[in-house]
Amino acid sequence: KAEHLNDAAMPEIERLSQQDKPFFLLLRHMDPHSPYLPPAPFNRMFYHGNECDPANKSMDAVMQFKPFRDYFATWLPGVTDKDYVIAQYDGAVAYMDACIQKIFTQLETLGILDDTIVVINSDHGETLHDHECYFDHHGIYDVTLHVPLIIRYPKRIPAGLRVKGYNQQKDLVPTLLDLAGI
């Protein structure tokens with residue numbers, strides 16, 4: 001869970017910030033990955049129905065998807081509403097966002113936010129109930145390929161700047177080295 005990663009990372013950020021030299025820290029928050037299991041209150045934030053309503057058949061195709069049906073049956077026992085699973089993904093994203101906000105708050109409190117290159121990136125998107133690729137990241141579809149790349153560094157990047165086009169993961173390290181003046 002992201003809060004456990006924060007529990008380990010935040011003391012390290014404080015320690016590193018007290019040294020008079022640059023540092024690099026990579027945090028890999030994994031929460032919006034299947035199985036989507038956000039903690040309360042995020043688990044009910046986007047869903048208020050009955051996920052096990054027998055009249056709802058929207059999970060039938062999911063539970064019949066042979067490659068993952070055992071996994072889904074274990075992760076989602078009795079769940080009949082696909083919107084519940086999508087809401088769990090949304091809850092996992094919201095939970096992760098709240099945890100990342102704590103990192104931003106700490107950087108600001110330490111007085112180093114504007115001196116820090118912050119990158120928010122993703123390795124892939126998710127196919128939720130799309131393209132018969134249920135609740136994972138299979139296929140070469142826009143939902144899996146179009147992911148955020150956000151770089152915040154007020155010293156070199158104007159707020160609100162949006163660059164059109166595409167990038168590849170391999171472009172990130174040279175970009176960061178250039179921003180750092182290396």
# chains A, B, ... in the order shown; residues from 1 in each chain; ligands from 1
call {"tool": "residues_around", "arguments": {"residues": "Ala98 in chain A", "least_positions_apart": "5", "cutoff": "12 Å", "atoms": "only C-alpha atoms", "output": "count of residues only"}}
result
16
call {"tool": "closest_atom_pairs", "arguments": {"of": "range 10-35 of chain A", "to": "range 70-90 of chain A", "cutoff": "10 Å", "atoms": "only C-alpha atoms", "output": "CSV"}}
result
residue,atom,partner,partner_atom,distance
A:Asp31,CA,A:Tyr89,CA,8.8
A:Pro32,CA,A:Tyr89,CA,6.0
A:His33,CA,A:Tyr89,CA,7.8
A:Ser34,CA,A:Tyr89,CA,8.1
A:Pro35,CA,A:Trp75,CA,6.7
call {"tool": "select_by_dssp", "arguments": {"residues": "chain A", "states": "strand (DSSP E or B)", "output": "MDAnalysis selection string"}}
result
chainID A and resid 118:121 127 136 149:152
call {"tool": "select_by_dssp", "arguments": {"residues": "range 47-153 of chain A", "states": "alpha helix (DSSP H)", "output": "MDAnalysis selection string"}}
result
chainID A and resid 60:63 69:75 82:109 142:145
